[in-house]
$ cat run-v4.csv   # CSV, C-alpha atoms and all ligand atoms
chain,number,residue,atom,x,y,z
B,1,MET,CA,-37.7,112.7,16.8
B,2,ILE,CA,-39.7,116.0,16.4
B,3,ALA,CA,-42.6,116.8,18.8
B,4,PRO,CA,-44.5,119.9,17.7
B,5,SER,CA,-46.0,121.8,20.7
B,6,ILE,CA,-49.6,122.8,20.2
B,7,LEU,CA,-49.1,125.7,22.7
B,8,SER,CA,-48.4,127.8,19.6
B,9,ALA,CA,-51.4,126.5,17.6
B,10,ASP,CA,-54.9,127.9,17.4
B,11,PHE,CA,-56.6,126.6,20.6
B,12,ALA,CA,-60.0,126.9,18.9
B,13,ARG,CA,-58.8,124.5,16.1
B,14,LEU,CA,-56.8,121.9,17.9
B,15,ALA,CA,-57.9,118.9,15.7
B,16,GLU,CA,-56.7,120.9,12.6
B,17,ALA,CA,-53.5,121.6,14.4
B,18,THR,CA,-52.8,117.9,14.8
B,19,ASP,CA,-53.6,117.3,11.1
B,20,ALA,CA,-51.2,120.0,10.1
B,21,VAL,CA,-48.2,118.2,11.6
B,22,ARG,CA,-48.8,114.7,10.1
B,23,GLY,CA,-45.4,112.9,10.1
B,24,ALA,CA,-44.4,114.3,13.5
B,25,ASP,CA,-43.2,111.7,16.0
B,26,TRP,CA,-45.0,113.0,19.1
B,27,LEU,CA,-47.5,115.7,19.7
B,28,HIS,CA,-46.4,117.8,22.7
B,29,VAL,CA,-49.2,119.1,24.9
B,30,ASP,CA,-48.4,121.7,27.6
B,31,VAL,CA,-50.6,121.5,30.6
B,32,MET,CA,-50.2,124.6,32.8
B,33,ASP,CA,-52.1,125.4,36.0
B,34,ALA,CA,-51.3,129.1,36.7
B,35,HIS,CA,-49.6,127.9,39.9
B,36,PHE,CA,-46.4,125.9,39.0
B,37,VAL,CA,-46.1,128.4,36.1
B,38,PRO,CA,-47.6,131.8,35.5
B,39,ASN,CA,-49.9,130.6,32.7
B,40,LEU,CA,-53.0,128.6,32.2
B,41,THR,CA,-53.7,126.3,29.3
B,42,ILE,CA,-55.7,123.1,29.1
B,43,GLY,CA,-56.4,120.1,31.3
B,44,LEU,CA,-57.5,116.5,31.2
B,45,PRO,CA,-60.9,116.9,29.5
B,46,VAL,CA,-59.3,118.7,26.5
B,47,VAL,CA,-56.5,116.2,26.3
B,48,GLU,CA,-59.0,113.3,26.3
B,49,ASP,CA,-60.7,114.8,23.3
B,50,LEU,CA,-57.4,115.5,21.6
B,51,LEU,CA,-56.4,111.8,22.0
B,52,LYS,CA,-59.5,110.9,20.1
B,53,ALA,CA,-58.7,113.4,17.3
B,54,THR,CA,-55.2,112.2,16.5
B,55,ASP,CA,-53.1,109.1,15.8
B,56,ILE,CA,-49.9,110.9,16.8
B,57,PRO,CA,-48.6,109.7,20.2
B,58,VAL,CA,-49.4,112.4,22.7
B,59,ASP,CA,-46.6,113.7,24.9
B,60,CYS,CA,-48.1,115.5,28.0
B,61,HIS,CA,-45.8,118.0,29.7
B,62,LEU,CA,-47.4,118.7,33.1
B,63,MET,CA,-46.3,122.1,34.4
B,64,ILE,CA,-48.6,121.8,37.4
B,65,ASP,CA,-48.5,121.6,41.2
B,66,ASP,CA,-49.3,118.3,42.8
B,67,PRO,CA,-48.5,116.0,39.8
B,68,ASP,CA,-48.7,113.1,42.4
B,69,ARG,CA,-52.4,113.6,42.2
B,70,TRP,CA,-53.0,114.6,38.6
B,71,ALA,CA,-50.5,112.8,36.4
B,72,ILE,CA,-52.1,109.4,36.4
B,73,GLY,CA,-55.2,110.7,34.7
B,74,TYR,CA,-53.3,111.5,31.6
B,75,ALA,CA,-51.8,108.1,31.4
B,76,GLU,CA,-55.2,106.4,32.0
B,77,ALA,CA,-56.6,108.6,29.2
B,78,GLY,CA,-54.0,107.1,26.8
B,79,ALA,CA,-51.2,109.6,26.6
B,80,HIS,CA,-48.0,108.0,25.2
B,81,ASN,CA,-45.6,109.8,27.5
B,82,VAL,CA,-46.5,111.8,30.7
B,83,THR,CA,-43.8,114.2,32.0
B,84,VAL,CA,-43.8,115.7,35.5
B,85,HIS,CA,-41.5,118.3,36.9
B,86,VAL,CA,-39.0,117.2,39.5
B,87,GLU,CA,-39.5,120.6,41.3
B,88,ALA,CA,-43.2,119.8,41.8
B,89,ALA,CA,-43.2,116.0,42.4
B,90,ARG,CA,-43.3,114.7,46.0
B,91,GLU,CA,-42.9,111.0,45.3
B,92,PRO,CA,-41.5,110.8,41.8
B,93,VAL,CA,-40.7,107.1,42.0
B,94,LYS,CA,-44.3,106.3,42.8
B,95,ILE,CA,-45.5,108.6,40.0
B,96,ALA,CA,-43.2,106.8,37.5
B,97,LYS,CA,-44.4,103.4,38.6
B,98,ASP,CA,-48.1,104.4,38.4
B,99,LEU,CA,-47.6,106.0,35.0
B,100,ARG,CA,-45.9,102.8,33.7
B,101,ALA,CA,-48.6,100.6,35.2
B,102,ALA,CA,-51.2,102.6,33.4
B,103,GLY,CA,-49.4,101.9,30.1
B,104,ALA,CA,-47.6,105.2,29.6
B,105,LYS,CA,-44.0,106.2,29.5
B,106,ALA,CA,-42.9,108.2,32.5
B,107,GLY,CA,-41.0,111.5,32.0
B,108,LEU,CA,-39.1,113.7,34.4
B,109,SER,CA,-38.4,117.4,33.6
B,110,VAL,CA,-35.9,119.9,35.0
B,111,LYS,CA,-36.3,123.6,34.7
B,112,PRO,CA,-33.2,125.5,33.4
B,113,LYS,CA,-31.8,126.4,36.8
B,114,THR,CA,-32.4,122.9,38.3
B,115,PRO,CA,-29.2,120.8,38.3
B,116,LEU,CA,-29.3,117.3,36.9
B,117,GLU,CA,-26.6,115.5,39.1
B,118,PRO,CA,-28.8,115.1,42.2
B,119,TYR,CA,-31.5,113.3,40.1
B,120,VAL,CA,-29.4,110.9,38.0
B,121,GLU,CA,-30.2,107.9,40.3
B,122,LEU,CA,-33.9,108.9,40.2
B,123,LEU,CA,-33.9,108.8,36.4
B,124,ARG,CA,-33.4,105.0,36.5
B,125,HIS,CA,-37.2,104.9,37.2
B,126,PHE,CA,-38.1,107.1,34.2
B,127,ASP,CA,-38.3,106.6,30.4
B,128,THR,CA,-37.7,110.2,29.3
B,129,LEU,CA,-35.8,113.2,30.6
B,130,LEU,CA,-37.2,116.6,29.4
B,131,VAL,CA,-34.5,119.3,29.7
B,132,MET,CA,-36.2,122.7,29.7
B,133,SER,CA,-34.2,125.2,27.6
B,134,VAL,CA,-36.5,128.2,28.5
B,135,GLU,CA,-38.3,129.0,31.8
B,136,PRO,CA,-41.5,127.0,31.5
B,137,GLY,CA,-44.7,128.9,31.0
B,138,PHE,CA,-44.7,130.5,27.5
B,139,GLY,CA,-43.8,129.7,23.9
B,140,GLY,CA,-41.6,131.9,21.7
B,141,GLN,CA,-38.8,132.4,24.2
B,142,LYS,CA,-35.1,132.4,23.5
B,143,PHE,CA,-33.1,129.2,23.7
B,144,MET,CA,-30.7,128.9,26.7
B,145,PRO,CA,-27.6,127.1,25.5
B,146,ASP,CA,-26.2,126.6,29.1
B,147,VAL,CA,-28.7,123.7,29.6
B,148,LEU,CA,-26.9,121.6,27.0
B,149,ASP,CA,-24.4,120.6,29.7
B,150,LYS,CA,-27.3,118.6,31.3
B,151,VAL,CA,-28.0,117.0,27.9
B,152,ARG,CA,-24.4,116.0,27.6
B,153,LEU,CA,-24.4,114.5,31.0
B,154,ALA,CA,-27.6,112.5,30.3
B,155,ARG,CA,-26.3,111.4,26.9
B,156,ALA,CA,-23.0,110.2,28.5
B,157,LYS,CA,-24.9,108.2,31.1
B,158,VAL,CA,-27.2,106.7,28.4
B,159,ASP,CA,-24.3,105.8,26.1
B,160,ALA,CA,-22.4,104.2,29.0
B,161,GLY,CA,-25.4,102.0,29.7
B,162,GLU,CA,-26.0,103.6,33.1
B,163,LEU,CA,-29.4,105.1,32.2
B,164,SER,CA,-31.9,104.3,29.5
B,165,VAL,CA,-33.9,107.6,29.1
B,166,LEU,CA,-34.8,109.3,25.9
B,167,VAL,CA,-33.4,112.8,26.1
B,168,GLU,CA,-35.9,115.5,25.1
B,169,ILE,CA,-35.4,119.3,24.9
B,170,ASP,CA,-38.1,121.9,25.1
B,171,GLY,CA,-37.9,125.7,24.5
B,172,GLY,CA,-36.6,128.0,21.8
B,173,ILE,CA,-35.9,125.1,19.3
B,174,ASN,CA,-35.7,126.3,15.7
B,175,THR,CA,-33.6,125.4,12.6
B,176,GLU,CA,-30.7,127.3,14.1
B,177,THR,CA,-30.7,126.2,17.7
B,178,ILE,CA,-31.6,122.5,16.9
B,179,GLU,CA,-28.1,122.0,15.6
B,180,GLN,CA,-26.3,122.5,18.9
B,181,ALA,CA,-29.0,120.6,20.8
B,182,ALA,CA,-28.6,117.6,18.4
B,183,GLU,CA,-24.8,117.7,18.7
B,184,ALA,CA,-25.1,117.6,22.5
B,185,GLY,CA,-27.1,114.4,22.1
B,186,VAL,CA,-30.8,115.2,22.2
B,187,ASP,CA,-33.2,112.4,20.9
B,188,CYS,CA,-36.5,114.3,20.8
B,189,PHE,CA,-37.0,118.0,20.0
B,190,VAL,CA,-40.1,120.0,21.1
B,191,ALA,CA,-40.8,123.0,18.9
B,192,GLY,CA,-43.8,125.2,19.2
B,193,SER,CA,-43.4,128.6,17.5
B,194,ALA,CA,-40.9,127.2,14.9
B,195,VAL,CA,-43.6,124.8,13.7
B,196,TYR,CA,-47.0,126.6,14.2
B,197,GLY,CA,-45.5,130.0,13.3
B,198,ALA,CA,-44.5,128.6,9.9
B,199,ASP,CA,-46.7,128.8,6.8
B,200,ASP,CA,-46.5,125.0,6.4
B,201,PRO,CA,-46.1,123.3,9.8
B,202,ALA,CA,-45.5,119.8,8.3
B,203,ARG,CA,-42.7,121.3,6.2
B,204,ALA,CA,-41.3,123.0,9.3
B,205,VAL,CA,-41.2,119.6,11.1
B,206,ALA,CA,-39.4,118.0,8.1
B,207,ALA,CA,-36.8,120.9,8.0
B,208,LEU,CA,-36.1,120.5,11.8
B,209,ARG,CA,-35.7,116.8,11.4
B,210,GLU,CA,-33.2,117.2,8.5
B,211,VAL,CA,-31.0,119.7,10.4
B,212,ALA,CA,-31.0,117.6,13.6
B,213,ALA,CA,-30.2,114.3,11.7
B,214,ARG,CA,-27.3,116.0,9.9
B,215,ALA,CA,-25.9,117.5,13.1
B,216,ARG,CA,-26.3,114.2,15.0
B,217,GLY,CA,-24.6,112.3,12.1
B,218,LYS,CA,-21.6,114.7,12.2
B,219,THR,CA,-21.2,114.2,16.0
B,220,GLN,CA,-21.3,110.4,15.6
B,221,GLU,CA,-18.7,110.6,12.8
B,222,ARG,CA,-16.5,112.7,15.1
B,223,ILE,CA,-16.8,110.2,18.0
B,224,ARG,CA,-16.0,107.3,15.6
B,225,GLY,CA,-13.0,109.3,14.3
B,226,GLU,CA,-11.7,109.9,17.9
B,227,ALA,CA,-12.1,106.2,18.7
B,228,THR,CA,-10.0,105.0,15.8
K,1,LIG,C1,-42.9,126.2,27.5
K,1,LIG,C2,-43.5,124.9,26.9
K,1,LIG,C3,-43.0,124.6,25.5
K,1,LIG,C4,-43.4,125.6,24.5
K,1,LIG,C5,-42.2,125.7,23.6
K,1,LIG,O1,-43.2,126.2,28.8
K,1,LIG,O2,-43.1,123.8,27.7
K,1,LIG,O3,-43.4,123.3,25.1
K,1,LIG,O4,-44.5,125.3,23.7
K,1,LIG,O5,-42.4,126.7,22.7
K,1,LIG,P1,-41.3,127.3,21.7
K,1,LIG,O6,-40.8,126.1,20.8
K,1,LIG,O7,-41.9,128.4,20.9
K,1,LIG,O8,-40.2,127.8,22.6
K,2,ZN,ZN,-43.5,121.8,26.9
$ encode --input "run-v4.csv" --output "structure tokens"
Amino acid sequence: MIAPSILSADFARLAEATDAVRGADWLHVDVMDAHFVPNLTIGLPVVEDLLKATDIPVDCHLMIDDPDRWAIGYAEAGAHNVTVHVEAAREPVKIAKDLRAAGAKAGLSVKPKTPLEPYVELLRHFDTLLVMSVEPGFGGQKFMPDVLDKVRLARAKVDAGELSVLVEIDGGINTETIEQAAEAGVDCFVAGSAVYGADDPARAVAALREVAARARGKTQERIRGEAT
């Protein structure tokens, strides 16, 4: 799955930005509050209007303090998936239950330096795991390959039937870096500058999808080969 991040789109033309990525699986919306991260973007009123402007399922990534108070509003507005940061959430299990009760998927995100092991049990309550591959706050940063160990851990738990999260990655994804992320077992790739920095964003989405599918196919072939 490919989820273009509108952080790299023209904020004065958000409806056009959603039209430009027809065929994308999710539309990734970065909500930042200038407290949890040193940047400020958009909040609930803009997301509500965006939901009316597109049929693409909206994936809200909340980089905000106090998600215990604010996350539910995005689910009630109709977001498909709402992700909160484990570093900011006080009662993550309650957040996940409330999000699901409101009809959304519940996502949990870890910053690059946050380990995953302590949160594996917690992930049983969530539908998606968002592994940050840059420090959250800005688009256009360089991919941090070290975080792929967390992807591999999550993939192994999912494949073993211990977890059932969708594994998402966010930050520095382009047609080069997506290959290693796909091999590590990512299901959903967020890409901002690689999509909206391209002349044809829809084509950029298709190109990312193709490279990821090929890399994932190669890995599965290898696993099958090792098993026989
Ligand atoms: C960063 C955001 C990302 C950002 C990714 O804090 O969470 O979603 O848009 O942008 P690129 O793909 O340019 O790294
Ligand atoms: Zn994001």
$ residues_near_ligand --input "run-v4.csv" --ligand "ligand ZN 2 (chain K)" --cutoff "12 Å" --atoms "all atoms listed in the file" --output "PyMOL selection string"
chain B and resi 3-8+26-32+37+41+58-64+82-85+107-111+130-141+168-173+188-193
$ closest_residue --input "run-v4.csv" --among "B:Thr175, B:Pro45, B:Ile95, B:Leu163" --to "Arg203 of chain B" --atoms "only C-alpha atoms"
B:Thr175
$ closest_residue --input "run-v4.csv" --among "B:Pro112, B:Pro145, B:Gly43, B:Gly23" --to "Ala71 of chain B" --atoms "all atoms listed in the file"
B:Gly43
$ residues_around --input "run-v4.csv" --residues "Ala20 of chain B" --least-positions-apart "4" --cutoff "12 Å" --atoms "only C-alpha atoms" --output "list in words"
Pro4, Ser5, Ile6, Ala9, Asp10, Arg13, Leu14, Ala15, Glu16, Ala24, Leu27, Thr54, Ile56, Val195, Tyr196, Gly197, Ala198, Asp199, Asp200, Pro201, Ala202, Arg203, Ala204 and Val205 of chain B
$ axis_aligned_box --input "run-v4.csv" --around "segment 19-34 of chain B" --padding-each-side "5 Å" --output "JSON"
{"center_x": -48.4, "center_y": 120.4, "center_z": 23.4, "size_x": 20.4, "size_y": 27.4, "size_z": 36.6}
$ closest_residue --input "run-v4.csv" --among "B:His35, B:His80, B:Lys142, B:Arg22" --to "ligand LIG 1 (chain K)" --atoms "all atoms listed in the file"
B:Lys142
$ atom_distance --input "run-v4.csv" --atom1 "atom CA of His125 of chain B" --atom2 "atom CA of Ala104 of chain B"
12.9 Å
$ closest_residue --input "run-v4.csv" --among "B:Val186, B:Ala194, B:Ala77, B:Val165" --to "ligand LIG 1 (chain K)" --atoms "all atoms listed in the file"
B:Ala194
$ closest_residue --input "run-v4.csv" --among "B:Thr128, B:Asn39, B:Thr228, B:Thr219" --to "ligand LIG 1 (chain K)" --atoms "all atoms listed in the file"
B:Asn39
$ atom_distance --input "run-v4.csv" --atom1 "atom CA of Glu48 of chain B" --atom2 "atom CA of Leu208 of chain B"
28.0 Å
$ build_atoms --input "run-v4.csv" --residues "segment 160-191 of chain B" --atoms "N, CA and C atoms" --output "mmCIF file, in the frame of the given file"
data_model
loop_
_atom_site.group_PDB
_atom_site.id
_atom_site.type_symbol
_atom_site.label_atom_id
_atom_site.label_comp_id
_atom_site.auth_asym_id
_atom_site.auth_seq_id
_atom_site.Cartn_x
_atom_site.Cartn_y
_atom_site.Cartn_z
ATOM 1 N N ALA B 160 -23.227 105.137 28.171
ATOM 2 C CA ALA B 160 -22.400 104.200 29.000
ATOM 3 C C ALA B 160 -23.282 103.093 29.566
ATOM 4 N N GLY B 161 -24.563 103.095 29.249
ATOM 5 C CA GLY B 161 -25.400 102.000 29.700
ATOM 6 C C GLY B 161 -25.905 102.202 31.163
ATOM 7 N N GLU B 162 -25.651 103.395 31.742
ATOM 8 C CA GLU B 162 -26.000 103.600 33.100
ATOM 9 C C GLU B 162 -27.494 104.069 33.256
ATOM 10 N N LEU B 163 -28.007 104.635 32.188
ATOM 11 C CA LEU B 163 -29.400 105.100 32.200
ATOM 12 C C LEU B 163 -29.993 104.688 30.820
ATOM 13 N N SER B 164 -31.325 104.603 30.774
ATOM 14 C CA SER B 164 -31.900 104.300 29.500
ATOM 15 C C SER B 164 -33.049 105.277 29.135
ATOM 16 N N VAL B 165 -32.830 106.553 29.465
ATOM 17 C CA VAL B 165 -33.900 107.600 29.100
ATOM 18 C C VAL B 165 -33.689 108.097 27.718
ATOM 19 N N LEU B 166 -34.813 108.502 27.156
ATOM 20 C CA LEU B 166 -34.800 109.300 25.900
ATOM 21 C C LEU B 166 -34.633 110.726 26.330
ATOM 22 N N VAL B 167 -33.693 111.428 25.680
ATOM 23 C CA VAL B 167 -33.400 112.800 26.100
ATOM 24 C C VAL B 167 -34.178 113.781 25.185
ATOM 25 N N GLU B 168 -35.028 114.553 25.827
ATOM 26 C CA GLU B 168 -35.900 115.500 25.100
ATOM 27 C C GLU B 168 -35.561 116.912 25.524
ATOM 28 N N ILE B 169 -35.698 117.847 24.596
ATOM 29 C CA ILE B 169 -35.400 119.300 24.900
ATOM 30 C C ILE B 169 -36.636 120.097 24.540
ATOM 31 N N ASP B 170 -36.884 121.158 25.305
ATOM 32 C CA ASP B 170 -38.100 121.900 25.100
ATOM 33 C C ASP B 170 -37.845 123.418 25.389
ATOM 34 N N GLY B 171 -38.028 124.228 24.336
ATOM 35 C CA GLY B 171 -37.900 125.700 24.500
ATOM 36 C C GLY B 171 -36.957 126.322 23.557
ATOM 37 N N GLY B 172 -37.458 127.173 22.669
ATOM 38 C CA GLY B 172 -36.600 128.000 21.800
ATOM 39 C C GLY B 172 -35.922 127.147 20.683
ATOM 40 N N ILE B 173 -36.489 125.972 20.367
ATOM 41 C CA ILE B 173 -35.900 125.100 19.300
ATOM 42 C C ILE B 173 -36.382 125.620 17.930
ATOM 43 N N ASN B 174 -35.412 125.911 17.049
ATOM 44 C CA ASN B 174 -35.700 126.300 15.700
ATOM 45 C C ASN B 174 -34.611 125.703 14.775
ATOM 46 N N THR B 175 -34.626 126.006 13.485
ATOM 47 C CA THR B 175 -33.600 125.400 12.600
ATOM 48 C C THR B 175 -32.200 125.793 12.918
ATOM 49 N N GLU B 176 -32.031 126.890 13.679
ATOM 50 C CA GLU B 176 -30.700 127.300 14.100
ATOM 51 C C GLU B 176 -30.247 126.566 15.379
ATOM 52 N N THR B 177 -31.095 126.688 16.412
ATOM 53 C CA THR B 177 -30.700 126.200 17.700
ATOM 54 C C THR B 177 -30.726 124.626 17.765
ATOM 55 N N ILE B 178 -31.475 124.005 16.879
ATOM 56 C CA ILE B 178 -31.600 122.500 16.900
ATOM 57 C C ILE B 178 -30.251 121.868 16.662
ATOM 58 N N GLU B 179 -29.387 122.557 15.921
ATOM 59 C CA GLU B 179 -28.100 122.000 15.600
ATOM 60 C C GLU B 179 -27.255 121.689 16.810
ATOM 61 N N GLN B 180 -27.123 122.709 17.673
ATOM 62 C CA GLN B 180 -26.300 122.500 18.900
ATOM 63 C C GLN B 180 -26.944 121.512 19.837
ATOM 64 N N ALA B 181 -28.269 121.503 19.869
ATOM 65 C CA ALA B 181 -29.000 120.600 20.800
ATOM 66 C C ALA B 181 -28.741 119.119 20.254
ATOM 67 N N ALA B 182 -28.787 118.947 18.943
ATOM 68 C CA ALA B 182 -28.600 117.600 18.400
ATOM 69 C C ALA B 182 -27.133 117.164 18.610
ATOM 70 N N GLU B 183 -26.188 118.079 18.444
ATOM 71 C CA GLU B 183 -24.800 117.700 18.700
ATOM 72 C C GLU B 183 -24.542 117.322 20.128
ATOM 73 N N ALA B 184 -25.298 117.935 21.043
ATOM 74 C CA ALA B 184 -25.100 117.600 22.500
ATOM 75 C C ALA B 184 -25.750 116.254 22.809
ATOM 76 N N GLY B 185 -26.619 115.736 21.918
ATOM 77 C CA GLY B 185 -27.100 114.400 22.100
ATOM 78 C C GLY B 185 -28.616 114.268 22.422
ATOM 79 N N VAL B 186 -29.391 115.275 22.032
ATOM 80 C CA VAL B 186 -30.800 115.200 22.200
ATOM 81 C C VAL B 186 -31.449 114.174 21.261
ATOM 82 N N ASP B 187 -32.445 113.410 21.756
ATOM 83 C CA ASP B 187 -33.200 112.400 20.900
ATOM 84 C C ASP B 187 -34.467 113.006 20.373
ATOM 85 N N CYS B 188 -35.122 113.854 21.163
ATOM 86 C CA CYS B 188 -36.500 114.300 20.800
ATOM 87 C C CYS B 188 -36.559 115.830 21.031
ATOM 88 N N PHE B 189 -36.966 116.553 20.001
ATOM 89 C CA PHE B 189 -37.000 118.000 20.000
ATOM 90 C C PHE B 189 -38.407 118.543 20.015
ATOM 91 N N VAL B 190 -38.754 119.307 21.044
ATOM 92 C CA VAL B 190 -40.100 120.000 21.100
ATOM 93 C C VAL B 190 -39.927 121.310 20.379
ATOM 94 N N ALA B 191 -40.878 121.638 19.532
ATOM 95 C CA ALA B 191 -40.800 123.000 18.900
ATOM 96 C C ALA B 191 -42.260 123.474 18.725
#
